>>> print(open('protein_23.txt').read())   # compact mmCIF, C-alpha atoms and all ligand atoms
# COMPACT_ATOMS: atom_id res chain seq x y z
CA MET A 1292 23.65 6.71 -10.26
CA ILE A 1293 21.65 6.53 -7.02
CA ARG A 1294 18.68 4.37 -7.85
CA PHE A 1295 15.20 5.33 -6.79
CA ASN A 1296 14.45 1.86 -5.44
CA VAL A 1297 16.40 -1.32 -4.78
CA PRO A 1298 14.27 -4.37 -3.93
CA PRO A 1299 14.77 -5.53 -0.34
CA TYR A 1300 16.80 -8.70 0.06
CA CYS A 1301 17.96 -10.67 3.07
CA GLU A 1302 20.64 -13.28 2.71
CA LYS A 1303 18.68 -16.22 4.09
CA ALA A 1304 16.27 -15.94 1.14
CA MET A 1305 18.48 -18.09 -1.07
CA ASP A 1306 18.66 -20.87 1.54
CA TYR A 1307 14.91 -20.80 2.00
CA ILE A 1308 14.22 -20.89 -1.74
CA ARG A 1309 16.72 -23.74 -2.15
CA GLU A 1310 14.90 -25.62 0.60
CA CYS A 1311 11.59 -25.28 -1.31
CA VAL A 1312 13.24 -26.55 -4.48
CA GLU A 1313 15.03 -29.45 -2.80
CA ASN A 1314 11.91 -30.49 -0.91
CA GLN A 1315 10.00 -30.31 -4.19
CA LYS A 1316 7.38 -28.05 -2.60
CA ILE A 1317 7.14 -24.99 -4.80
CA CYS A 1318 3.37 -24.52 -5.22
CA GLY A 1319 1.23 -22.37 -2.94
CA ASP A 1320 0.44 -22.78 0.74
CA GLY A 1321 3.68 -24.52 1.65
CA ALA A 1322 5.74 -24.07 4.78
CA TYR A 1323 6.91 -20.52 4.00
CA THR A 1324 3.47 -19.23 3.08
CA LYS A 1325 2.25 -20.50 6.47
CA LYS A 1326 5.19 -18.86 8.24
CA CYS A 1327 4.48 -15.53 6.53
CA ASN A 1328 0.75 -15.73 7.36
CA GLN A 1329 1.50 -16.50 10.98
CA TRP A 1330 4.10 -13.78 11.22
CA LEU A 1331 1.67 -11.21 9.80
CA GLU A 1332 -1.15 -12.36 12.07
CA GLN A 1333 1.06 -12.08 15.11
CA LYS A 1334 2.59 -8.76 14.14
CA THR A 1335 -0.68 -7.06 13.23
CA GLY A 1336 -3.03 -8.84 15.63
CA THR A 1337 -5.52 -9.46 12.82
CA GLY A 1338 -7.91 -12.40 12.91
CA LYS A 1339 -6.67 -13.94 9.68
CA CYS A 1340 -4.06 -13.19 7.08
CA LEU A 1341 -3.77 -14.88 3.68
CA LEU A 1342 -0.79 -14.35 1.43
CA THR A 1343 -1.85 -13.49 -2.12
CA THR A 1344 -0.28 -13.00 -5.54
CA SER A 1345 -0.51 -9.20 -5.21
CA CYS A 1346 -2.20 -6.38 -3.36
CA THR A 1347 -4.36 -5.92 -6.46
CA HIS A 1348 -5.56 -9.51 -6.01
CA ALA A 1349 -6.06 -9.06 -2.26
CA THR A 1350 -8.32 -6.10 -3.10
CA GLU A 1351 -10.15 -8.18 -5.71
CA MET A 1352 -10.74 -10.83 -3.07
CA ALA A 1353 -12.06 -8.17 -0.70
CA ALA A 1354 -14.43 -6.92 -3.42
CA LEU A 1355 -15.69 -10.50 -3.95
CA LEU A 1356 -16.10 -11.10 -0.21
CA ALA A 1357 -17.89 -7.78 0.13
CA GLU A 1358 -20.27 -8.92 -2.65
CA ILE A 1359 -19.72 -5.73 -4.61
CA LYS A 1360 -22.06 -5.77 -7.60
CA GLU A 1361 -22.81 -3.91 -10.82
CA GLY A 1362 -23.82 -0.31 -10.10
CA ASP A 1363 -22.57 -0.26 -6.52
CA GLU A 1364 -20.55 2.79 -5.55
CA VAL A 1365 -17.24 2.69 -3.74
CA ILE A 1366 -15.70 5.83 -2.24
CA MET A 1367 -11.94 6.28 -2.59
CA PRO A 1368 -9.33 8.94 -3.31
CA SER A 1369 -8.39 9.73 -6.91
CA TYR A 1370 -4.79 10.19 -5.83
CA THR A 1371 -3.88 6.50 -5.69
CA PHE A 1372 -2.56 3.59 -7.71
CA VAL A 1373 -4.92 2.11 -10.33
CA SER A 1374 -5.43 -1.15 -8.40
CA THR A 1375 -7.51 0.59 -5.73
CA ALA A 1376 -10.18 1.27 -8.36
CA ASP A 1377 -9.60 -1.72 -10.68
CA ALA A 1378 -10.61 -4.32 -8.11
CA PHE A 1379 -14.08 -2.75 -7.86
CA VAL A 1380 -14.48 -1.80 -11.51
CA LEU A 1381 -13.99 -5.51 -12.32
CA ARG A 1382 -17.17 -6.17 -10.31
CA GLY A 1383 -19.04 -3.48 -12.25
CA ALA A 1384 -18.90 -0.96 -9.43
CA VAL A 1385 -18.41 2.80 -9.82
CA PRO A 1386 -15.43 4.38 -8.07
CA VAL A 1387 -16.54 7.69 -6.55
CA PHE A 1388 -13.46 9.82 -6.05
CA VAL A 1389 -13.18 12.27 -3.18
CA ASP A 1390 -10.56 14.97 -2.72
CA ILE A 1391 -7.47 14.48 -0.55
CA ARG A 1392 -6.03 16.43 2.36
CA PRO A 1393 -2.98 18.39 1.29
CA ASP A 1394 -1.02 17.55 4.46
CA THR A 1395 -1.02 13.74 4.24
CA MET A 1396 -2.26 13.27 0.64
CA ASN A 1397 -4.88 10.90 2.13
CA ILE A 1398 -8.61 10.98 1.46
CA ASP A 1399 -10.23 13.93 3.25
CA GLU A 1400 -12.37 12.20 5.85
CA ASN A 1401 -14.59 15.28 6.10
CA LEU A 1402 -15.68 15.01 2.45
CA ILE A 1403 -16.73 11.36 2.52
CA GLU A 1404 -20.20 11.73 3.99
CA ALA A 1405 -21.39 14.09 1.26
CA ALA A 1406 -20.39 11.56 -1.42
CA ILE A 1407 -22.59 8.80 0.01
CA THR A 1408 -25.68 7.79 -1.98
CA GLU A 1409 -28.14 4.87 -1.77
CA LYS A 1410 -25.74 2.93 -3.96
CA THR A 1411 -22.67 3.36 -1.79
CA ARG A 1412 -21.41 0.06 -0.42
CA ALA A 1413 -17.85 0.64 0.74
CA ILE A 1414 -15.17 3.17 1.61
CA VAL A 1415 -11.61 2.42 0.50
CA PRO A 1416 -9.08 4.54 2.40
CA VAL A 1417 -5.55 4.46 0.99
CA HIS A 1418 -2.81 4.96 3.57
CA TYR A 1419 -0.49 7.00 1.40
CA ALA A 1420 3.23 6.68 2.15
CA GLY A 1421 2.36 4.38 5.05
CA VAL A 1422 0.75 7.27 6.95
CA SER A 1423 -2.71 6.41 8.23
CA CYS A 1424 -5.96 7.99 7.11
CA GLU A 1425 -8.18 9.39 9.87
CA MET A 1426 -9.65 5.97 10.66
CA ASP A 1427 -11.78 6.88 13.68
CA LYS A 1428 -13.83 9.24 11.56
CA ILE A 1429 -13.97 6.84 8.61
CA MET A 1430 -15.14 3.92 10.78
CA GLU A 1431 -17.74 6.18 12.39
CA ILE A 1432 -19.17 7.11 8.98
CA ALA A 1433 -19.10 3.47 7.85
CA GLU A 1434 -21.04 2.42 10.91
CA LYS A 1435 -23.58 5.20 10.56
CA TYR A 1436 -24.34 4.29 6.92
CA ASN A 1437 -23.69 0.55 7.20
CA LEU A 1438 -20.77 0.56 4.75
CA LEU A 1439 -17.82 -1.77 4.51
CA VAL A 1440 -14.29 -0.45 4.90
CA ILE A 1441 -11.55 -1.98 2.78
CA GLU A 1442 -8.14 -0.52 3.61
CA ASP A 1443 -5.64 -0.20 0.79
CA ALA A 1444 -2.66 -0.64 3.10
CA ALA A 1445 -0.34 -1.56 0.21
CA GLN A 1446 2.21 0.89 1.58
CA GLY A 1447 1.24 0.53 5.22
CA ILE A 1448 2.76 -2.63 6.69
CA MET A 1449 4.45 -1.89 10.07
CA SER A 1450 2.53 1.41 10.39
CA THR A 1451 -0.06 2.02 13.07
CA TYR A 1452 -2.99 4.31 13.84
CA LYS A 1453 -3.59 4.87 17.55
CA GLY A 1454 -1.71 1.66 18.23
CA LYS A 1455 -3.58 -0.47 15.67
CA ALA A 1456 -1.79 -1.93 12.66
CA LEU A 1457 -2.94 -0.49 9.35
CA GLY A 1458 -5.02 -3.02 7.47
CA THR A 1459 -6.63 -4.38 10.65
CA ILE A 1460 -9.07 -1.55 11.38
CA GLY A 1461 -11.55 -1.94 8.52
CA ASP A 1462 -13.37 -5.12 7.48
CA TYR A 1463 -10.52 -6.01 5.13
CA GLY A 1464 -6.95 -4.83 4.73
CA CYS A 1465 -4.69 -5.27 1.71
CA TYR A 1466 -0.88 -5.33 1.79
CA SER A 1467 1.56 -5.32 -1.11
CA PHE A 1468 4.86 -7.14 -1.35
CA HIS A 1469 5.73 -5.77 -4.77
CA GLU A 1470 9.42 -5.07 -5.27
CA THR A 1471 8.86 -1.35 -4.67
CA LYS A 1472 7.41 -1.91 -1.20
CA ASN A 1473 9.17 -2.09 2.20
CA TYR A 1474 9.07 -5.91 2.21
CA SER A 1475 8.90 -7.83 -1.01
CA MET A 1476 8.42 -11.17 -2.70
CA GLY A 1477 8.71 -9.81 -6.24
CA GLU A 1478 4.98 -9.82 -6.85
CA GLY A 1479 2.75 -10.55 -3.89
CA GLY A 1480 0.42 -9.28 -1.23
CA ALA A 1481 -1.79 -10.26 1.65
CA LEU A 1482 -5.43 -10.03 2.62
CA LEU A 1483 -6.20 -9.30 6.26
CA ILE A 1484 -9.65 -10.38 7.39
CA ARG A 1485 -11.01 -8.86 10.57
CA ASP A 1486 -14.10 -10.99 11.07
CA GLU A 1487 -13.88 -14.73 11.58
CA ASP A 1488 -17.09 -15.46 9.66
CA LYS A 1489 -15.52 -14.43 6.33
CA VAL A 1490 -12.41 -16.59 6.63
CA GLU A 1491 -13.77 -19.83 5.17
CA GLN A 1492 -15.17 -18.09 2.08
CA ALA A 1493 -11.90 -16.22 1.64
CA GLU A 1494 -9.96 -19.49 1.66
CA ILE A 1495 -12.37 -20.92 -0.91
CA ILE A 1496 -12.17 -17.90 -3.24
CA ARG A 1497 -8.38 -17.95 -3.04
CA GLU A 1498 -8.25 -21.66 -3.96
CA LYS A 1499 -10.30 -21.62 -7.18
CA GLY A 1500 -13.61 -22.02 -5.39
CA THR A 1501 -12.59 -25.28 -3.74
CA ASN A 1502 -12.38 -26.33 -0.11
CA ARG A 1503 -8.77 -27.43 -0.54
CA SER A 1504 -7.54 -25.44 2.48
CA LYS A 1505 -9.80 -27.53 4.74
CA TYR A 1506 -8.54 -30.67 3.01
CA TYR A 1507 -4.90 -29.72 3.65
CA ARG A 1508 -5.71 -29.23 7.31
CA GLY A 1509 -7.20 -32.72 7.40
CA GLN A 1510 -10.69 -31.43 8.22
CA ILE A 1511 -12.26 -33.23 5.23
CA ASP A 1512 -11.06 -36.26 3.27
CA LYS A 1513 -11.54 -34.96 -0.26
CA TYR A 1514 -11.84 -31.54 -1.76
CA THR A 1515 -14.31 -30.29 -4.31
CA TRP A 1516 -15.71 -27.22 -6.07
CA VAL A 1517 -17.98 -25.45 -3.59
CA ASP A 1518 -18.26 -21.81 -4.71
CA PHE A 1519 -16.90 -19.23 -7.19
CA GLY A 1520 -13.24 -18.39 -6.92
CA SER A 1521 -9.94 -17.82 -8.65
CA SER A 1522 -6.26 -18.50 -8.03
CA TYR A 1523 -4.85 -15.97 -5.61
CA LEU A 1524 -2.14 -17.97 -3.86
CA PRO A 1525 1.54 -17.33 -4.55
CA SER A 1526 4.27 -19.91 -5.02
CA ASP A 1527 6.00 -20.91 -1.80
CA MET A 1528 9.32 -19.85 -3.39
CA ASN A 1529 8.14 -16.25 -3.37
CA ALA A 1530 6.97 -16.61 0.22
CA ALA A 1531 10.43 -17.97 1.12
CA TYR A 1532 12.04 -14.83 -0.33
CA LEU A 1533 9.68 -12.66 1.74
CA TYR A 1534 10.05 -14.62 4.97
CA ALA A 1535 13.78 -13.92 5.11
CA GLN A 1536 12.90 -10.19 5.32
CA LEU A 1537 10.10 -10.62 7.84
CA GLU A 1538 12.66 -12.17 10.18
CA HIS A 1539 14.48 -8.82 9.98
CA ALA A 1540 11.39 -6.64 9.80
CA ASP A 1541 12.30 -4.32 12.66
CA GLU A 1542 15.85 -3.86 11.43
CA ILE A 1543 14.59 -2.97 7.93
CA ASN A 1544 11.99 -0.61 9.38
CA GLU A 1545 14.52 1.15 11.60
CA ALA A 1546 16.99 1.57 8.74
CA ARG A 1547 14.29 3.15 6.56
CA LEU A 1548 13.13 5.44 9.37
CA ALA A 1549 16.72 6.54 10.00
CA CYS A 1550 17.03 7.62 6.34
CA TRP A 1551 13.64 9.32 6.46
CA ASN A 1552 14.51 11.25 9.61
CA ARG A 1553 17.86 12.28 8.16
CA TYR A 1554 16.20 13.58 4.98
CA TYR A 1555 13.75 15.50 7.14
CA GLU A 1556 16.43 17.10 9.32
CA ASN A 1557 18.58 17.94 6.29
CA LEU A 1558 15.71 19.57 4.39
CA LYS A 1559 13.98 21.28 7.31
CA PRO A 1560 15.70 24.61 6.62
CA LEU A 1561 14.07 24.65 3.16
CA LEU A 1562 10.70 23.94 4.77
CA GLU A 1563 11.22 26.76 7.27
CA ALA A 1564 12.25 29.11 4.49
CA GLY A 1565 8.95 28.33 2.75
CA LYS A 1566 10.65 26.89 -0.33
CA ILE A 1567 9.33 23.35 -0.11
CA GLU A 1568 6.85 21.28 1.85
CA LEU A 1569 7.62 18.03 3.62
CA PRO A 1570 5.46 15.05 4.67
CA VAL A 1571 3.22 15.54 7.70
CA ILE A 1572 2.72 12.72 10.23
CA PRO A 1573 -0.43 13.44 12.25
CA GLU A 1574 -0.61 12.68 15.93
CA GLY A 1575 -1.51 9.08 16.65
CA CYS A 1576 0.13 7.86 13.45
CA VAL A 1577 3.34 5.83 13.45
CA HIS A 1578 4.68 5.49 9.93
CA ASN A 1579 7.05 3.07 8.22
CA ALA A 1580 9.17 5.40 6.07
CA HIS A 1581 7.66 3.89 2.94
CA MET A 1582 8.58 6.99 0.99
CA PHE A 1583 10.20 10.36 1.34
CA TYR A 1584 8.72 13.09 -0.80
CA ILE A 1585 9.04 16.83 -1.09
CA LYS A 1586 6.61 19.26 -2.63
CA ALA A 1587 7.88 21.90 -4.99
CA LYS A 1588 6.02 25.15 -5.75
CA ASP A 1589 4.35 23.79 -8.87
CA ILE A 1590 4.72 21.30 -11.72
CA GLU A 1591 7.19 23.46 -13.58
CA GLU A 1592 9.53 23.71 -10.59
CA ARG A 1593 9.16 19.99 -9.93
CA THR A 1594 10.15 19.14 -13.52
CA ARG A 1595 13.28 21.26 -13.18
CA LEU A 1596 14.09 19.73 -9.78
CA ILE A 1597 13.79 16.16 -11.08
CA SER A 1598 16.05 16.90 -14.04
CA PHE A 1599 18.56 18.72 -11.80
CA LEU A 1600 18.69 15.63 -9.56
CA GLY A 1601 19.14 13.48 -12.69
CA GLU A 1602 22.10 15.60 -13.76
CA HIS A 1603 23.60 14.78 -10.36
CA ASP A 1604 23.05 11.03 -10.79
CA ILE A 1605 19.97 10.85 -8.57
CA LEU A 1606 16.80 9.18 -9.76
CA SER A 1607 13.71 10.93 -8.43
CA VAL A 1608 10.18 10.11 -9.58
CA PHE A 1609 6.64 11.43 -9.32
CA HIS A 1610 3.17 9.85 -9.21
CA TYR A 1611 0.16 9.49 -9.48
CA ILE A 1612 -1.78 10.87 -12.40
CA PRO A 1613 -5.12 11.38 -10.58
CA LEU A 1614 -7.42 8.52 -11.57
CA HIS A 1615 -10.38 10.78 -12.40
CA THR A 1616 -8.32 12.48 -15.12
CA SER A 1617 -7.23 9.18 -16.72
CA PRO A 1618 -9.09 7.59 -19.66
CA ALA A 1619 -10.34 4.65 -17.58
CA GLY A 1620 -11.15 6.84 -14.59
CA LYS A 1621 -13.36 9.02 -16.78
CA ARG A 1622 -15.07 5.99 -18.22
CA PHE A 1623 -15.69 4.05 -15.01
CA GLY A 1624 -15.78 6.58 -12.22
CA ARG A 1625 -16.71 10.06 -11.19
CA PHE A 1626 -15.32 12.74 -8.91
CA HIS A 1627 -17.62 13.96 -6.17
CA GLY A 1628 -17.22 17.58 -5.19
CA GLU A 1629 -14.39 19.89 -6.07
CA ASP A 1630 -10.86 18.84 -7.01
CA ARG A 1631 -9.13 21.40 -4.81
CA TYR A 1632 -6.02 19.46 -3.91
CA THR A 1633 -5.83 16.15 -5.80
CA THR A 1634 -4.47 17.51 -9.07
CA ARG A 1635 -2.60 20.48 -7.65
CA GLU A 1636 -0.77 18.60 -4.92
CA SER A 1637 0.00 15.57 -7.13
CA GLU A 1638 1.69 17.88 -9.62
CA ARG A 1639 4.03 19.28 -6.95
CA LEU A 1640 5.20 16.03 -5.42
CA ALA A 1641 8.61 14.43 -6.09
CA ARG A 1642 9.81 11.23 -4.41
CA LEU A 1643 13.45 10.89 -3.39
CA PRO A 1644 15.38 7.58 -3.36
CA MET A 1645 14.28 5.39 -0.45
CA TYR A 1646 15.17 1.76 0.09
CA TYR A 1647 16.70 -0.67 2.54
CA GLY A 1648 20.45 -0.27 2.05
CA LEU A 1649 20.43 3.44 1.18
CA THR A 1650 23.28 4.96 3.16
CA MET A 1651 23.36 8.10 5.29
CA ASP A 1652 26.07 9.44 2.99
CA GLN A 1653 23.76 9.02 0.04
CA VAL A 1654 20.91 10.72 1.92
CA ASP A 1655 23.24 13.61 2.76
CA TYR A 1656 24.42 13.85 -0.83
CA ILE A 1657 20.84 13.85 -2.20
CA SER A 1658 19.73 16.43 0.38
CA GLY A 1659 22.73 18.58 -0.57
CA VAL A 1660 21.73 18.52 -4.23
CA VAL A 1661 18.15 19.51 -3.36
CA LYS A 1662 19.52 22.41 -1.29
CA GLU A 1663 21.80 23.44 -4.14
CA PHE A 1664 18.79 23.51 -6.47
CA TYR A 1665 16.90 25.83 -4.12
CA ALA A 1666 19.96 28.01 -3.52
CA LYS A 1667 20.02 28.96 -7.20
C1 LIG A 1701 1.68 -0.88 -4.82
C2 LIG A 1701 0.27 -0.46 -4.60
C3 LIG A 1701 -0.82 -1.27 -5.01
C4 LIG A 1701 -0.66 -2.51 -5.82
O1 LIG A 1701 0.13 -3.48 -5.27
P1 LIG A 1701 0.49 -4.78 -6.12
O2 LIG A 1701 1.01 -5.72 -5.08
O3 LIG A 1701 1.50 -4.40 -7.13
O4 LIG A 1701 -0.77 -5.29 -6.73
C5 LIG A 1701 -2.09 -0.84 -4.70
N1 LIG A 1701 -2.31 0.31 -4.05
C6 LIG A 1701 -1.31 1.11 -3.65
C7 LIG A 1701 -1.63 2.38 -2.93
C8 LIG A 1701 0.01 0.76 -3.94
O5 LIG A 1701 1.00 1.57 -3.58
>>> encode(input="protein_23.txt", output="structure tokens", more="lines below")
Ligand SMILES: *Cc1c(COP(=O)(O)O)cnc(C)c1O
Amino acid sequence: MIRFNVPPYCEKAMDYIRECVENQKICGDGAYTKKCNQWLEQKTGTGKCLLTTSCTHATEMAALLAEIKEGDEVIMPSYTFVSTADAFVLRGAVPVFVDIRPDTMNIDENLIEAAITEKTRAIVPVHYAGVSCEMDKIMEIAEKYNLLVIEDAAQGIMSTYKGKALGTIGDYGCYSFHETKNYSMGEGGALLIRDEDKVEQAEIIREKGTNRSKYYRGQIDKYTWVDFGSSYLPSDMNAAYLYAQLEHADEINEARLACWNRYYENLKPLLEAGKIELPVIPEGCVHNAHMFYIKAKDIEERTRLISFLGEHDILSVFHYIPLHTSPAGKRFGRFHGEDRYTTRESERLARLPMYYGLTMDQVDYISGVVKEFYAK
């Protein structure tokens, strides 16, 4: 069976974890957390990066820092993972869903402005499949209406938009290091903070509302409760697992891109024959091969394709059920405008196996099975 995902792993991880255990430093903000933060800051050029327990939690932190309150509205796509909305719903805000573009599956930047009301506080672009949203336009709207931009860059580490790392363009950026992502620590994430003046509060929120981060740096001689907060810092053992991959980040990225490009070349004849659609990478966007998907004609064809792949020992999956059609989405949010593409395109999309360690032979085999399906 070719698995859909295999969590990334680099050999040094075990040594690094052992080091944490032997040094008896396994709580948060140890040596490996610092190394990961520094690596991410250097790689992305962001002002500040804080490792968190998940991307969901990074987004919750962003919602707290943005002072999102009851009744505020937050514009986002409906075609996304639940966490994008959850973080704001927890603050009592209303997710306002806007339709996606069928080419990238990202929020349609041209529909955002019409969804803005007096209550709108933020825009949350989701960089689907590690392919950037149209950030110039989104930042222009945000500036015009004085809105915050919180990037859900869960899938977007190592990707860029016009040379800028995803997650560093808006006020806040959120990365995920879940085991299904390009780089992983099991469960984990990171919050990227663009503006210096929010860093101290972010450190306080992440450390249960205390000024412990300052204390660790020797800037104060005792720490105390100074503001609201929670516990958003991961164990240093998880950071150690992640750091081993960050040391090989380019190698992992190149291996994924090689698989992605091979899938694309193999399946291009089906695209040209009008049988399927393939991902589109707009100009100015450099992606990270987070996923490879194809679009079938409709949901019925997709169902048959996924089971045909299964019969040939290939695990293929689909997502997302659009949030505005889910029970919680109906209760907490609303869709602005017409759902032209969100539901229709989500029903056609199937993801093929993609992970660090997938071989070219496997990619060729999978592509062959897809071609066989469409030859019938
Ligand atoms: C994976 C993912 C998340 C959640 O990440 P966690 O680290 O599991 O909290 C949020 N948004 C998107 C778009 C994702 O793909």
>>> residues_near_ligand(input="protein_23.txt", ligand="ligand LIG 1701 (chain A)", cutoff="7 Å", atoms="only C-alpha atoms and all ligand atoms", output="PyMOL selection string")
chain A and resi 1345-1348+1371-1375+1417+1419+1443-1446+1467-1469+1472+1478-1480
>>> closest_atom_pairs(input="protein_23.txt", of="stretch 1511-1609 of chain A", to="stretch 1391-1402 of chain A", cutoff="12 Å", atoms="only C-alpha atoms", output="Markdown table")
| residue | atom | partner | partner_atom | distance |
| --- | --- | --- | --- | --- |
| A:Glu1568 | CA | A:Asp1394 | CA | 9.1 |
| A:Leu1569 | CA | A:Asp1394 | CA | 8.7 |
| A:Pro1570 | CA | A:Thr1395 | CA | 6.6 |
| A:Val1571 | CA | A:Asp1394 | CA | 5.7 |
| A:Ile1572 | CA | A:Thr1395 | CA | 7.1 |
| A:Pro1573 | CA | A:Thr1395 | CA | 8.0 |
| A:Glu1574 | CA | A:Thr1395 | CA | 11.7 |
| A:Cys1576 | CA | A:Thr1395 | CA | 11.0 |
| A:His1578 | CA | A:Thr1395 | CA | 11.5 |
| A:Tyr1584 | CA | A:Thr1395 | CA | 11.0 |
| A:Ile1585 | CA | A:Asp1394 | CA | 11.5 |
| A:Lys1586 | CA | A:Pro1393 | CA | 10.4 |
>>> residues_around(input="protein_23.txt", residues="A:Glu1487", least_positions_apart="2", cutoff="12 Å", atoms="all atoms listed in the file", output="PyMOL selection string")
chain A and resi 1337-1340+1462-1463+1483-1485+1489-1494
>>> residues_around(input="protein_23.txt", residues="stretch 1319-1336 of chain A", least_positions_apart="5", cutoff="9 Å", atoms="only C-alpha atoms", output="list in words")
Tyr1307, Cys1311, Leu1341, Leu1342, Ile1448, Met1449, Lys1455, Ala1456, Leu1457, Gly1458, Thr1459, Ala1481, Leu1483, Ser1504, Leu1524, Pro1525, Ser1526, Asp1527, Met1528, Asn1529, Ala1530, Ala1531, Tyr1532, Leu1533, Tyr1534, Leu1537 and Glu1538 of chain A
>>> closest_residue(input="protein_23.txt", among="A:Tyr1665, A:Asp1655, A:Leu1643, A:Pro1386", to="A:Gly1565", atoms="all atoms listed in the file")
A:Tyr1665
>>> closest_residue(input="protein_23.txt", among="A:Thr1451, A:Phe1295, A:Glu1425, A:Glu1409", to="A:Ala1641", atoms="all atoms listed in the file")
A:Phe1295
>>> atom_distance(input="protein_23.txt", atom1="atom CA of A:Ile1612", atom2="atom CA of A:Gly1477")
24.0 Å
>>> atom_distance(input="protein_23.txt", atom1="atom CA of A:Asp1652", atom2="atom CA of A:Tyr1554")
10.9 Å
>>> atom_distance(input="protein_23.txt", atom1="atom CA of A:Ser1598", atom2="atom CA of A:Phe1664")
10.4 Å
>>> residues_around(input="protein_23.txt", residues="A:Arg1595", least_positions_apart="3", cutoff="12 Å", atoms="only C-alpha atoms", output="NGL selection string")
:A and (1587-1592 or 1598-1602 or 1607 or 1639 or 1641 or 1661 or 1664-1665 or 1667)
>>> closest_residue(input="protein_23.txt", among="A:Glu1310, A:Cys1318, A:Tyr1436, A:Val1380", to="A:Glu1404", atoms="only C-alpha atoms")
A:Tyr1436
>>> residues_around(input="protein_23.txt", residues="A:Phe1379", least_positions_apart="6", cutoff="9 Å", atoms="all atoms listed in the file", output="NGL selection string")
:A and (1350-1351 or 1354-1355 or 1359-1360 or 1363-1365 or 1385-1386)
>>> residues_around(input="protein_23.txt", residues="A:Phe1519", least_positions_apart="3", cutoff="10 Å", atoms="all atoms listed in the file", output="list in words")
Leu1355, Gln1492, Ile1495, Ile1496, Arg1497, Glu1498, Lys1499, Gly1500, Thr1501 and Trp1516 of chain A
>>> closest_residue(input="protein_23.txt", among="A:Ala1378, A:Ala1413, A:Ile1407, A:Met1476", to="A:Leu1439", atoms="all atoms listed in the file")
A:Ala1413
>>> closest_residue(input="protein_23.txt", among="A:Pro1644, A:Pro1560, A:Gly1624, A:Gly1575", to="A:Ala1384", atoms="all atoms listed in the file")
A:Gly1624
>>> closest_residue(input="protein_23.txt", among="A:Val1312, A:Leu1558, A:Val1387, A:Leu1356", to="A:Pro1368", atoms="all atoms listed in the file")
A:Val1387
>>> axis_aligned_box(input="protein_23.txt", around="stretch 1472-1478 of chain A", padding_each_side="5 Å", output="lines of an AutoDock Vina configuration file")
center_x = 7.1
center_y = -6.5
center_z = -2.3
size_x = 14.2
size_y = 19.3
size_z = 19.1
>>> build_atoms(input="protein_23.txt", residues="stretch 1440-1451 of chain A", atoms="N, CA and C atoms", output="PDB file, in the coordinates of the input")
ATOM      1  N   VAL A1440     -15.544  -1.192   5.052  1.00  0.00           N
ATOM      2  CA  VAL A1440     -14.290  -0.450   4.900  1.00  0.00           C
ATOM      3  C   VAL A1440     -13.204  -1.429   4.462  1.00  0.00           C
ATOM      4  N   ILE A1441     -12.626  -1.148   3.312  1.00  0.00           N
ATOM      5  CA  ILE A1441     -11.550  -1.980   2.780  1.00  0.00           C
ATOM      6  C   ILE A1441     -10.305  -1.094   2.698  1.00  0.00           C
ATOM      7  N   GLU A1442      -9.333  -1.376   3.547  1.00  0.00           N
ATOM      8  CA  GLU A1442      -8.140  -0.520   3.610  1.00  0.00           C
ATOM      9  C   GLU A1442      -7.135  -0.920   2.539  1.00  0.00           C
ATOM     10  N   ASP A1443      -6.779   0.025   1.680  1.00  0.00           N
ATOM     11  CA  ASP A1443      -5.640  -0.200   0.790  1.00  0.00           C
ATOM     12  C   ASP A1443      -4.404   0.187   1.610  1.00  0.00           C
ATOM     13  N   ALA A1444      -3.849  -0.848   2.261  1.00  0.00           N
ATOM     14  CA  ALA A1444      -2.660  -0.640   3.100  1.00  0.00           C
ATOM     15  C   ALA A1444      -1.434  -1.187   2.377  1.00  0.00           C
ATOM     16  N   ALA A1445      -1.456  -1.069   1.041  1.00  0.00           N
ATOM     17  CA  ALA A1445      -0.340  -1.560   0.210  1.00  0.00           C
ATOM     18  C   ALA A1445       0.991  -1.030   0.713  1.00  0.00           C
ATOM     19  N   GLN A1446       0.971   0.236   1.149  1.00  0.00           N
ATOM     20  CA  GLN A1446       2.210   0.890   1.580  1.00  0.00           C
ATOM     21  C   GLN A1446       2.332   0.905   3.101  1.00  0.00           C
ATOM     22  N   GLY A1447       1.390   0.256   3.795  1.00  0.00           N
ATOM     23  CA  GLY A1447       1.240   0.530   5.220  1.00  0.00           C
ATOM     24  C   GLY A1447       1.672  -0.540   6.196  1.00  0.00           C
ATOM     25  N   ILE A1448       2.336  -1.597   5.744  1.00  0.00           N
ATOM     26  CA  ILE A1448       2.760  -2.630   6.690  1.00  0.00           C
ATOM     27  C   ILE A1448       3.765  -2.029   7.679  1.00  0.00           C
ATOM     28  N   MET A1449       3.622  -2.380   8.960  1.00  0.00           N
ATOM     29  CA  MET A1449       4.450  -1.890  10.070  1.00  0.00           C
ATOM     30  C   MET A1449       4.013  -0.509  10.576  1.00  0.00           C
ATOM     31  N   SER A1450       3.037   0.108   9.920  1.00  0.00           N
ATOM     32  CA  SER A1450       2.530   1.410  10.390  1.00  0.00           C
ATOM     33  C   SER A1450       1.338   1.179  11.309  1.00  0.00           C
ATOM     34  N   THR A1451       1.101   2.142  12.190  1.00  0.00           N
ATOM     35  CA  THR A1451      -0.060   2.020  13.070  1.00  0.00           C
ATOM     36  C   THR A1451      -0.848   3.330  13.149  1.00  0.00           C
TER      37      THR A1451
END
